[in-house]
Amino acid sequence: MPGTRKQPYRRELAKRGDFTVWIVDGSFVRGHMDEEFTNFGQHHRFPYIPDKEFWLDDEAEHNEYAFFIDHLLIEHRLMAQGKPYDEAIVAADAEERKERRRAGDVAQATHHGRQLPDGRDAHDRLWKKLENGVSVWIVNGRFVRSVFDIDFTEGGHDHVYEFVPANEIWIDDAIVEKERGFVLLHELHERNRMEAGLPYSRAHAESSHIEFQCRHHPDELHDALTAEGWA
């Protein structure tokens, strides 16, 4: 029974063929199992997920579960056939894009495909403007994934994504409030290091390490954010 399941399980969402779709506590997964877990996953991408299960993060805002399930069905099938993840995700993303178009997300955001929106159209609310001129925005994650980058998760900034306006950091509104500080720390540190000339790969690895450290020692988060200019 779902009620007997322990962390990270929250509730059973659906059955899709042989698969059980579970809503899980993504914050717990990122803090105790794998800091790279994002909005959803399946066994061949994340081996700690049982083979006949799909895990979907418990979202704070817009319901994108149908898109994610269709994506996972293709990704799992291709990887089970021996296809590498980099190949499987291309096919899965293509199907997910079709589903987002059918749902009307793209037409609504782009005036029926004739014009790419401005990045500022993704803004939900300003979290804070820092002394160095960088603005941190909570953004509509579903809008970003449907219109700009289907693989956008958790957060990002102008040094990584061309659609993020200059001097902005974005935090996905799908991230629950209790977890936003850790994502903010990652993005602040990563942007600061890239601003100083570090390539993305090294900046991201550093930021993931610091984020994981603070997830295990949350009493260090405030000082870590202050060190990155969050004052």
# chains A, B, ... in the order shown; residues from 1 in each chain; ligands from 1

$ select_by_dssp --residues "range 3-231 of chain A" --states "helix (DSSP H, G or I)" --output "number ranges by chain"
A: 3-4, 26-32, 65-80, 85-102, 105-110, 119-122, 141-147, 177-195, 200-216, 218-227

$ residues_around --residues "Asp121 in chain A" --least-positions-apart "3" --cutoff "12 Å" --atoms "only C-alpha atoms" --output "JSON, numbers by chain"
{"A": [108, 109, 110, 116, 117, 118, 124, 125, 137, 138, 139, 140, 141, 143, 144, 147, 148, 163, 164, 165]}

$ residues_around --residues "Glu59 in chain A" --least-positions-apart "3" --cutoff "12 Å" --atoms "only C-alpha atoms" --output "list of chain:residue names"
A:Arg10, A:Ile23, A:Val24, A:Asp25, A:Gly26, A:Ser27, A:Thr38, A:Asn39, A:Phe40, A:Trp55, A:Leu56, A:His62, A:Asn63, A:Glu64, A:Tyr65, A:Phe68, A:Gly141, A:Arg142, A:Thr153, A:Glu154, A:Asp172, A:Asp173, A:Ala174, A:Ile175, A:Val176, A:Glu177, A:Glu179

$ residues_around --residues "range 199-214 of chain A" --least-positions-apart "2" --cutoff "7 Å" --atoms "only C-alpha atoms" --output "PyMOL selection string"
chain A and resi 31+35+182+185-186+189-190+193-194+197+216-218+220-221

$ write_last_selection --atoms "C-alpha atoms" --output "compact mmCIF listing (two decimals), in the first residue's frame"
# COMPACT_ATOMS: atom_id res chain seq x y z
CA GLY A 31 19.66 15.90 -0.10
CA GLU A 35 21.94 16.03 -5.85
CA PHE A 182 20.02 25.52 -1.84
CA LEU A 185 23.31 28.99 -3.59
CA HIS A 186 24.18 26.76 -6.55
CA HIS A 189 28.18 30.39 -6.88
CA GLU A 190 28.12 29.07 -10.43
CA ARG A 193 32.71 31.60 -10.81
CA MET A 194 31.80 31.89 -14.49
CA GLY A 197 36.34 33.19 -16.04
CA HIS A 216 23.70 17.96 4.64
CA HIS A 217 24.59 20.89 6.91
CA PRO A 218 21.79 23.46 6.48
CA GLU A 220 25.95 26.57 6.88
CA LEU A 221 23.57 27.86 4.20

$ select_by_dssp --residues "range 55-179 of chain A" --states "strand (DSSP E or B)" --output "ChimeraX atom specification"
/A:55-57,123-129,135-139,155-157,168-172

$ write_last_selection --atoms "C-alpha atoms" --output "PDB file, in the first residue's frame"
ATOM      1  CA  TRP A  55       9.602   9.051 -10.069  1.00  0.00           C
ATOM      2  CA  LEU A  56       8.158  12.561 -10.400  1.00  0.00           C
ATOM      3  CA  ASP A  57       9.177  15.355  -8.060  1.00  0.00           C
ATOM      4  CA  HIS A 123       9.141  36.313 -14.678  1.00  0.00           C
ATOM      5  CA  ASP A 124       6.744  35.482 -11.870  1.00  0.00           C
ATOM      6  CA  ARG A 125       8.098  37.652  -9.085  1.00  0.00           C
ATOM      7  CA  LEU A 126      11.334  39.349  -8.102  1.00  0.00           C
ATOM      8  CA  TRP A 127      12.994  37.630  -5.165  1.00  0.00           C
ATOM      9  CA  LYS A 128      15.808  40.118  -4.633  1.00  0.00           C
ATOM     10  CA  LYS A 129      18.075  42.576  -6.418  1.00  0.00           C
ATOM     11  CA  SER A 135      18.330  40.324 -10.033  1.00  0.00           C
ATOM     12  CA  VAL A 136      17.055  36.976  -8.762  1.00  0.00           C
ATOM     13  CA  TRP A 137      13.659  36.025 -10.183  1.00  0.00           C
ATOM     14  CA  ILE A 138      11.203  33.244  -9.441  1.00  0.00           C
ATOM     15  CA  VAL A 139      10.107  32.165 -12.924  1.00  0.00           C
ATOM     16  CA  GLY A 155      17.451  27.285 -11.886  1.00  0.00           C
ATOM     17  CA  GLY A 156      19.804  29.044 -14.260  1.00  0.00           C
ATOM     18  CA  HIS A 157      21.449  32.335 -15.148  1.00  0.00           C
ATOM     19  CA  GLU A 168      19.564  37.724 -13.983  1.00  0.00           C
ATOM     20  CA  ILE A 169      19.365  34.474 -12.054  1.00  0.00           C
ATOM     21  CA  TRP A 170      16.213  32.379 -12.428  1.00  0.00           C
ATOM     22  CA  ILE A 171      14.762  29.988  -9.848  1.00  0.00           C
ATOM     23  CA  ASP A 172      12.119  27.544 -11.093  1.00  0.00           C
TER      24      ASP A 172
END

$ closest_residue --among "A:Phe54, A:Phe37, A:Tyr161, A:Tyr85" --to "Leu13 in chain A" --atoms "only C-alpha atoms"
A:Phe54

$ atom_distance --atom1 "CA of Glu131 in chain A" --atom2 "CA of Ala231 in chain A"
8.1 Å
